[in-house]
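Chemist: Here you go, one structure.
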Amino acid sequence: LRDIEAGEEITVDYGSAWEAAWQRHVQEWVPPEGADDYMPAYELNGPDRIDDPVPTVREKWDMDGTKIIWVHGVYSDLFGLPTDEVFLRCIVLDRYQRDESGDYYYMVQTMTLTEEDRACGVTWGSILWDLPRDALIWDDVTYTRDHQKTWSFRHEMQLPDRMFPIAWNNRNPTTGESIEEKDMNYM
């Protein structure tokens with residue numbers, strides 16, 4: 001073994017078992033229903049989508065439970081409702097055009113999810129209006145992104161212990177014997 005030099009890269013072979021599992025996954029995988037329509041929040045917030053209208057509560061506003069909407073806290077400050085929060089969760093009550101520019105403006109209501117005594121609820125907050133589209137930001141509901149789904153590919157990498165310095169191991173890579181911290185050779 002030798003030290004990695006500046007500018008060098010490490011490539012790792014995950015092993016034949018990983019490669020076989022990946023090939024099997026690729027051959028057998030069937031996209032889930034709605035996969036063609038799925039779009040993560042970072043794409044919905046991207047420059048080529050920033051002018052897309054944000055759905056209201058009367059429309060399909062929650063994207064099948066995978067998205068939530070936040071309003072930038074600075075807009076709350078503009079309404080004289082200062083907050084320490086950078087973003088406030090909200091629902092979009094209305095979308096409208098107020099001039100010939102074609103730009104949409106929004107009326108939203110802020111909300112806080114509460115959990116108390118094993119019961120969940122919603123505390124409704126202020127209503128803000130005349131918000132430009134860039135006041136709103138999409139976010140993915142926790143654990144709803146594709147890579148977090150149960151059908152996503154997962155397989156251990158099976159890296160051999162000899163790839164790592166002995167100080168990183170809890171077993172001797174040659175003998176398999178347990179290594180006590182006092183016995184580790186720190187260099």
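Ligands are numbered from 1 in the order shown, residues from 1 within each chain, and chains are lettered A, B, ... in the order they appear in the structure tokens.
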Which parts of segment 30-174 of chain A does DSSP call strand (DSSP E or B) when run on the backbone here, written out as a ChimeraX atom specification?
Modeler: /A:67-72,87-96,105-116,119-132,136-140,171
Chemist: Any idea what the distance is between atom CA of Glu8 of chain A and atom CA of Leu159 of chain A?
Modeler: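 Here the two named atoms are 19.8 Å from each other.
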Chemist: From the DSSP assignment of the backbone, select every residue of segment 28-187 of chain A that is alpha helix (DSSP H), and format the answer as a compact mmCIF listing (two decimals) with all heavy atoms, in the first residue's frame.
Modeler:
```
# COMPACT_ATOMS: atom_id res chain seq x y z
N GLU A 28 -34.68 -7.19 -13.89
CA GLU A 28 -35.98 -7.52 -13.31
C GLU A 28 -36.79 -6.31 -12.86
O GLU A 28 -37.99 -6.43 -12.61
CB GLU A 28 -35.78 -8.46 -12.10
CG GLU A 28 -35.18 -9.79 -12.48
CD GLU A 28 -34.84 -10.65 -11.27
OE1 GLU A 28 -35.10 -10.20 -10.12
OE2 GLU A 28 -34.31 -11.75 -11.47
N ALA A 41 -38.08 17.46 -5.73
CA ALA A 41 -38.26 18.89 -5.42
C ALA A 41 -37.17 19.76 -6.03
O ALA A 41 -37.46 20.86 -6.50
CB ALA A 41 -38.31 19.09 -3.90
N TYR A 42 -35.94 19.27 -6.05
CA TYR A 42 -34.87 20.13 -6.58
C TYR A 42 -35.10 20.45 -8.06
O TYR A 42 -34.69 21.50 -8.54
CB TYR A 42 -33.47 19.53 -6.35
CG TYR A 42 -33.14 18.31 -7.18
CD1 TYR A 42 -32.59 18.45 -8.44
CD2 TYR A 42 -33.35 17.03 -6.69
CE1 TYR A 42 -32.27 17.35 -9.21
CE2 TYR A 42 -33.04 15.92 -7.45
CZ TYR A 42 -32.51 16.08 -8.71
OH TYR A 42 -32.20 14.98 -9.46
N GLU A 43 -35.78 19.55 -8.79
CA GLU A 43 -36.10 19.86 -10.18
C GLU A 43 -37.28 20.83 -10.27
O GLU A 43 -37.30 21.72 -11.12
CB GLU A 43 -36.41 18.58 -10.96
CG GLU A 43 -35.18 17.74 -11.23
CD GLU A 43 -35.48 16.51 -12.07
OE1 GLU A 43 -36.51 16.49 -12.78
OE2 GLU A 43 -34.68 15.56 -12.01
N LEU A 44 -38.27 20.67 -9.39
CA LEU A 44 -39.41 21.59 -9.37
C LEU A 44 -38.97 23.00 -9.02
O LEU A 44 -39.61 23.98 -9.43
CB LEU A 44 -40.46 21.11 -8.38
CG LEU A 44 -41.22 19.84 -8.78
CD1 LEU A 44 -42.00 19.30 -7.59
CD2 LEU A 44 -42.13 20.12 -9.95
N GLY A 73 -39.23 32.69 4.83
CA GLY A 73 -39.56 33.46 6.03
C GLY A 73 -39.45 34.96 5.85
O GLY A 73 -40.15 35.72 6.51
N VAL A 74 -38.60 35.40 4.93
CA VAL A 74 -38.43 36.84 4.72
C VAL A 74 -39.76 37.48 4.28
O VAL A 74 -40.04 38.63 4.61
CB VAL A 74 -37.30 37.13 3.71
CG1 VAL A 74 -37.66 36.65 2.32
CG2 VAL A 74 -36.95 38.60 3.69
N TYR A 75 -40.60 36.73 3.58
CA TYR A 75 -41.89 37.29 3.16
C TYR A 75 -42.83 37.46 4.35
O TYR A 75 -43.64 38.37 4.37
CB TYR A 75 -42.53 36.42 2.08
CG TYR A 75 -41.80 36.57 0.77
CD1 TYR A 75 -40.80 35.69 0.41
CD2 TYR A 75 -42.10 37.61 -0.10
CE1 TYR A 75 -40.11 35.84 -0.79
CE2 TYR A 75 -41.41 37.77 -1.29
CZ TYR A 75 -40.41 36.88 -1.63
OH TYR A 75 -39.73 37.05 -2.80
N SER A 76 -42.69 36.61 5.34
CA SER A 76 -43.45 36.78 6.58
C SER A 76 -43.03 38.09 7.25
O SER A 76 -43.86 38.84 7.76
CB SER A 76 -43.22 35.59 7.51
OG SER A 76 -43.96 35.73 8.68
N ASP A 77 -41.74 38.35 7.25
CA ASP A 77 -41.23 39.61 7.82
C ASP A 77 -41.83 40.82 7.12
O ASP A 77 -42.16 41.82 7.76
CB ASP A 77 -39.70 39.67 7.72
CG ASP A 77 -39.01 38.67 8.63
OD1 ASP A 77 -39.67 38.12 9.53
OD2 ASP A 77 -37.80 38.43 8.42
N LEU A 78 -41.99 40.74 5.79
CA LEU A 78 -42.55 41.86 5.04
C LEU A 78 -43.99 42.15 5.44
O LEU A 78 -44.46 43.28 5.30
CB LEU A 78 -42.49 41.57 3.53
CG LEU A 78 -41.08 41.49 2.93
CD1 LEU A 78 -41.16 41.06 1.47
CD2 LEU A 78 -40.36 42.82 3.06
```
Chemist: Which neighbours of Pro55 of chain A fall inside 12 Å, counting only C-alpha atoms, when residues of the same chain fewer than 3 positions from it are skipped, and could you give them as a PDB file with N, CA, C and O atoms, in the first residue's frame?
Modeler:
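Result saved to selection_17.pdb:
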```pdb
ATOM      1  N   ASP A  52     -43.453  27.669 -13.415  1.00  0.00           N
ATOM      2  CA  ASP A  52     -44.599  26.757 -13.413  1.00  0.00           C
ATOM      3  C   ASP A  52     -45.530  27.123 -12.268  1.00  0.00           C
ATOM      4  O   ASP A  52     -45.084  27.379 -11.146  1.00  0.00           O
ATOM      5  N   ARG A  58     -57.235  23.386  -3.952  1.00  0.00           N
ATOM      6  CA  ARG A  58     -58.344  22.876  -4.771  1.00  0.00           C
ATOM      7  C   ARG A  58     -57.837  21.988  -5.891  1.00  0.00           C
ATOM      8  O   ARG A  58     -58.612  21.308  -6.540  1.00  0.00           O
ATOM      9  N   GLU A  59     -56.553  22.035  -6.141  1.00  0.00           N
ATOM     10  CA  GLU A  59     -55.955  21.216  -7.194  1.00  0.00           C
ATOM     11  C   GLU A  59     -55.174  20.076  -6.532  1.00  0.00           C
ATOM     12  O   GLU A  59     -55.285  19.848  -5.342  1.00  0.00           O
ATOM     13  N   LYS A  60     -54.364  19.403  -7.314  1.00  0.00           N
ATOM     14  CA  LYS A  60     -53.558  18.281  -6.798  1.00  0.00           C
ATOM     15  C   LYS A  60     -52.328  18.858  -6.086  1.00  0.00           C
ATOM     16  O   LYS A  60     -51.207  18.735  -6.530  1.00  0.00           O
ATOM     17  N   TRP A  61     -52.546  19.482  -4.958  1.00  0.00           N
ATOM     18  CA  TRP A  61     -51.507  20.295  -4.333  1.00  0.00           C
ATOM     19  C   TRP A  61     -50.422  19.505  -3.638  1.00  0.00           C
ATOM     20  O   TRP A  61     -49.325  19.983  -3.429  1.00  0.00           O
ATOM     21  N   ASP A  62     -50.679  18.272  -3.213  1.00  0.00           N
ATOM     22  CA  ASP A  62     -49.647  17.583  -2.434  1.00  0.00           C
ATOM     23  C   ASP A  62     -48.859  16.572  -3.241  1.00  0.00           C
ATOM     24  O   ASP A  62     -48.092  15.805  -2.684  1.00  0.00           O
ATOM     25  N   MET A  63     -49.044  16.568  -4.560  1.00  0.00           N
ATOM     26  CA  MET A  63     -48.263  15.679  -5.424  1.00  0.00           C
ATOM     27  C   MET A  63     -48.289  14.244  -4.899  1.00  0.00           C
ATOM     28  O   MET A  63     -47.273  13.610  -4.739  1.00  0.00           O
ATOM     29  N   LYS A  67     -44.765  15.742  -1.730  1.00  0.00           N
ATOM     30  CA  LYS A  67     -44.202  17.092  -1.730  1.00  0.00           C
ATOM     31  C   LYS A  67     -44.925  17.982  -0.726  1.00  0.00           C
ATOM     32  O   LYS A  67     -46.100  17.797  -0.447  1.00  0.00           O
ATOM     33  N   ILE A  68     -44.184  18.941  -0.204  1.00  0.00           N
ATOM     34  CA  ILE A  68     -44.761  19.987   0.626  1.00  0.00           C
ATOM     35  C   ILE A  68     -44.257  21.329   0.112  1.00  0.00           C
ATOM     36  O   ILE A  68     -43.272  21.401  -0.611  1.00  0.00           O
ATOM     37  N   ILE A  69     -44.962  22.384   0.460  1.00  0.00           N
ATOM     38  CA  ILE A  69     -44.612  23.736   0.022  1.00  0.00           C
ATOM     39  C   ILE A  69     -44.174  24.547   1.240  1.00  0.00           C
ATOM     40  O   ILE A  69     -44.763  24.460   2.318  1.00  0.00           O
ATOM     41  N   ILE A  91     -49.786  26.035   2.895  1.00  0.00           N
ATOM     42  CA  ILE A  91     -50.630  25.539   1.820  1.00  0.00           C
ATOM     43  C   ILE A  91     -50.963  26.723   0.930  1.00  0.00           C
ATOM     44  O   ILE A  91     -51.011  27.862   1.389  1.00  0.00           O
ATOM     45  N   VAL A  92     -51.168  26.451  -0.333  1.00  0.00           N
ATOM     46  CA  VAL A  92     -51.494  27.510  -1.287  1.00  0.00           C
ATOM     47  C   VAL A  92     -53.008  27.591  -1.403  1.00  0.00           C
ATOM     48  O   VAL A  92     -53.664  26.656  -1.866  1.00  0.00           O
ATOM     49  N   LEU A  93     -53.568  28.711  -0.948  1.00  0.00           N
ATOM     50  CA  LEU A  93     -55.014  28.905  -0.974  1.00  0.00           C
ATOM     51  C   LEU A  93     -55.509  29.370  -2.343  1.00  0.00           C
ATOM     52  O   LEU A  93     -56.579  28.977  -2.795  1.00  0.00           O
ATOM     53  N   ASP A  94     -54.718  30.234  -2.979  1.00  0.00           N
ATOM     54  CA  ASP A  94     -55.169  30.789  -4.257  1.00  0.00           C
ATOM     55  C   ASP A  94     -53.970  31.188  -5.097  1.00  0.00           C
ATOM     56  O   ASP A  94     -52.897  31.514  -4.579  1.00  0.00           O
ATOM     57  N   ARG A  95     -54.179  31.160  -6.416  1.00  0.00           N
ATOM     58  CA  ARG A  95     -53.181  31.603  -7.387  1.00  0.00           C
ATOM     59  C   ARG A  95     -53.904  32.529  -8.352  1.00  0.00           C
ATOM     60  O   ARG A  95     -54.999  32.204  -8.822  1.00  0.00           O
ATOM     61  N   TYR A  96     -53.317  33.677  -8.647  1.00  0.00           N
ATOM     62  CA  TYR A  96     -54.005  34.641  -9.498  1.00  0.00           C
ATOM     63  C   TYR A  96     -52.988  35.510 -10.224  1.00  0.00           C
ATOM     64  O   TYR A  96     -51.811  35.549  -9.868  1.00  0.00           O
ATOM     65  N   TYR A 104     -47.791  34.795 -11.979  1.00  0.00           N
ATOM     66  CA  TYR A 104     -48.734  34.371 -10.958  1.00  0.00           C
ATOM     67  C   TYR A 104     -48.317  34.912  -9.598  1.00  0.00           C
ATOM     68  O   TYR A 104     -47.130  35.020  -9.288  1.00  0.00           O
ATOM     69  N   TYR A 105     -49.312  35.199  -8.790  1.00  0.00           N
ATOM     70  CA  TYR A 105     -49.117  35.579  -7.395  1.00  0.00           C
ATOM     71  C   TYR A 105     -49.939  34.616  -6.557  1.00  0.00           C
ATOM     72  O   TYR A 105     -50.907  34.015  -7.045  1.00  0.00           O
ATOM     73  N   TYR A 106     -49.564  34.505  -5.303  1.00  0.00           N
ATOM     74  CA  TYR A 106     -50.147  33.458  -4.469  1.00  0.00           C
ATOM     75  C   TYR A 106     -50.624  33.986  -3.134  1.00  0.00           C
ATOM     76  O   TYR A 106     -50.036  34.916  -2.570  1.00  0.00           O
ATOM     77  N   MET A 107     -51.690  33.355  -2.635  1.00  0.00           N
ATOM     78  CA  MET A 107     -52.147  33.550  -1.263  1.00  0.00           C
ATOM     79  C   MET A 107     -51.896  32.207  -0.560  1.00  0.00           C
ATOM     80  O   MET A 107     -52.348  31.168  -1.042  1.00  0.00           O
ATOM     81  N   VAL A 108     -51.157  32.263   0.552  1.00  0.00           N
ATOM     82  CA  VAL A 108     -50.828  31.038   1.277  1.00  0.00           C
ATOM     83  C   VAL A 108     -51.218  31.184   2.739  1.00  0.00           C
ATOM     84  O   VAL A 108     -51.363  32.303   3.243  1.00  0.00           O
ATOM     85  N   ARG A 133     -43.955  33.931  -7.273  1.00  0.00           N
ATOM     86  CA  ARG A 133     -43.643  32.500  -7.347  1.00  0.00           C
ATOM     87  C   ARG A 133     -42.346  32.168  -6.622  1.00  0.00           C
ATOM     88  O   ARG A 133     -42.227  31.129  -5.974  1.00  0.00           O
ATOM     89  N   LEU A 136     -42.031  30.813  -2.957  1.00  0.00           N
ATOM     90  CA  LEU A 136     -42.410  29.452  -2.592  1.00  0.00           C
ATOM     91  C   LEU A 136     -41.345  28.458  -3.023  1.00  0.00           C
ATOM     92  O   LEU A 136     -40.714  28.622  -4.063  1.00  0.00           O
ATOM     93  N   TRP A 138     -40.568  24.132  -3.189  1.00  0.00           N
ATOM     94  CA  TRP A 138     -41.003  22.747  -3.038  1.00  0.00           C
ATOM     95  C   TRP A 138     -40.018  22.007  -2.148  1.00  0.00           C
ATOM     96  O   TRP A 138     -38.828  22.301  -2.136  1.00  0.00           O
TER      97      TRP A 138
END
```
Chemist: Point out the residue among A:Met157, A:Trp70, A:Leu88, A:Asp48 with the least atom-to-atom distance to Ser16 of chain A, counting only C-alpha atoms.
Modeler: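 Among the listed residues, A:Met157 lies closest to Ser16 of chain A.
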Chemist: Which residues come within 7 Å of Thr66 of chain A, counting only C-alpha atoms, excluding same-chain residues fewer than 5 positions away, as number ranges by chain?
Modeler: A: 140-141, 144
Chemist: Please save N, CA, C and O atoms of the selected residues as a PDB file, in the first residue's frame.
Modeler:
```
ATOM      1  N   ASP A 140     -39.331  17.731  -0.717  1.00  0.00           N
ATOM      2  CA  ASP A 140     -39.764  16.337  -0.701  1.00  0.00           C
ATOM      3  C   ASP A 140     -40.117  15.939   0.724  1.00  0.00           C
ATOM      4  O   ASP A 140     -39.371  16.238   1.655  1.00  0.00           O
ATOM      5  N   VAL A 141     -41.246  15.265   0.879  1.00  0.00           N
ATOM      6  CA  VAL A 141     -41.594  14.702   2.176  1.00  0.00           C
ATOM      7  C   VAL A 141     -40.521  13.671   2.520  1.00  0.00           C
ATOM      8  O   VAL A 141     -40.053  12.931   1.650  1.00  0.00           O
ATOM      9  N   THR A 144     -39.594   9.978   0.755  1.00  0.00           N
ATOM     10  CA  THR A 144     -40.398   9.754  -0.445  1.00  0.00           C
ATOM     11  C   THR A 144     -39.584   9.833  -1.727  1.00  0.00           C
ATOM     12  O   THR A 144     -40.131   9.609  -2.811  1.00  0.00           O
TER      13      THR A 144
END
```
Chemist: Grab the atom CA of Gln97 of chain A to atom CA of Trp124 of chain A distance for me, in Å with one decimal place.
Modeler: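 According to the coordinates, atom CA of Gln97 of chain A and atom CA of Trp124 of chain A are separated by 25.3 Å.
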Chemist: If you measure from atom CA of Arg154 of chain A to atom CA of Trp18 of chain A, what distance in Å do you get, rounded to one decimal?
Modeler: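 These two atoms are separated by 9.1 Å.
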Chemist: With only C-alpha atoms as the counted atoms, please give the residues lying no more than 12 Å from Pro160 of chain A, apart from itself and same-chain residues fewer than 5 positions off, as a ChimeraX atom specification.
Modeler: /A:12-15,165-166,169,171-174
Chemist: Which of these, A:Gly7, A:Cys120, A:Phe153, A:Arg145, has the shortest distance to Gln27 of chain A once you count only C-alpha atoms?
Modeler: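 Of A:Gly7, A:Cys120, A:Phe153, A:Arg145, the one nearest Gln27 of chain A, counting only C-alpha atoms, is A:Phe153.
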Chemist: Of the residues A:Thr123, A:His147, A:Arg49, A:Ile137, which is the one nearest to Val86 of chain A, using only C-alpha atoms?
Modeler: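 Among A:Thr123, A:His147, A:Arg49, A:Ile137, it is A:Ile137 that comes nearest to Val86 of chain A.
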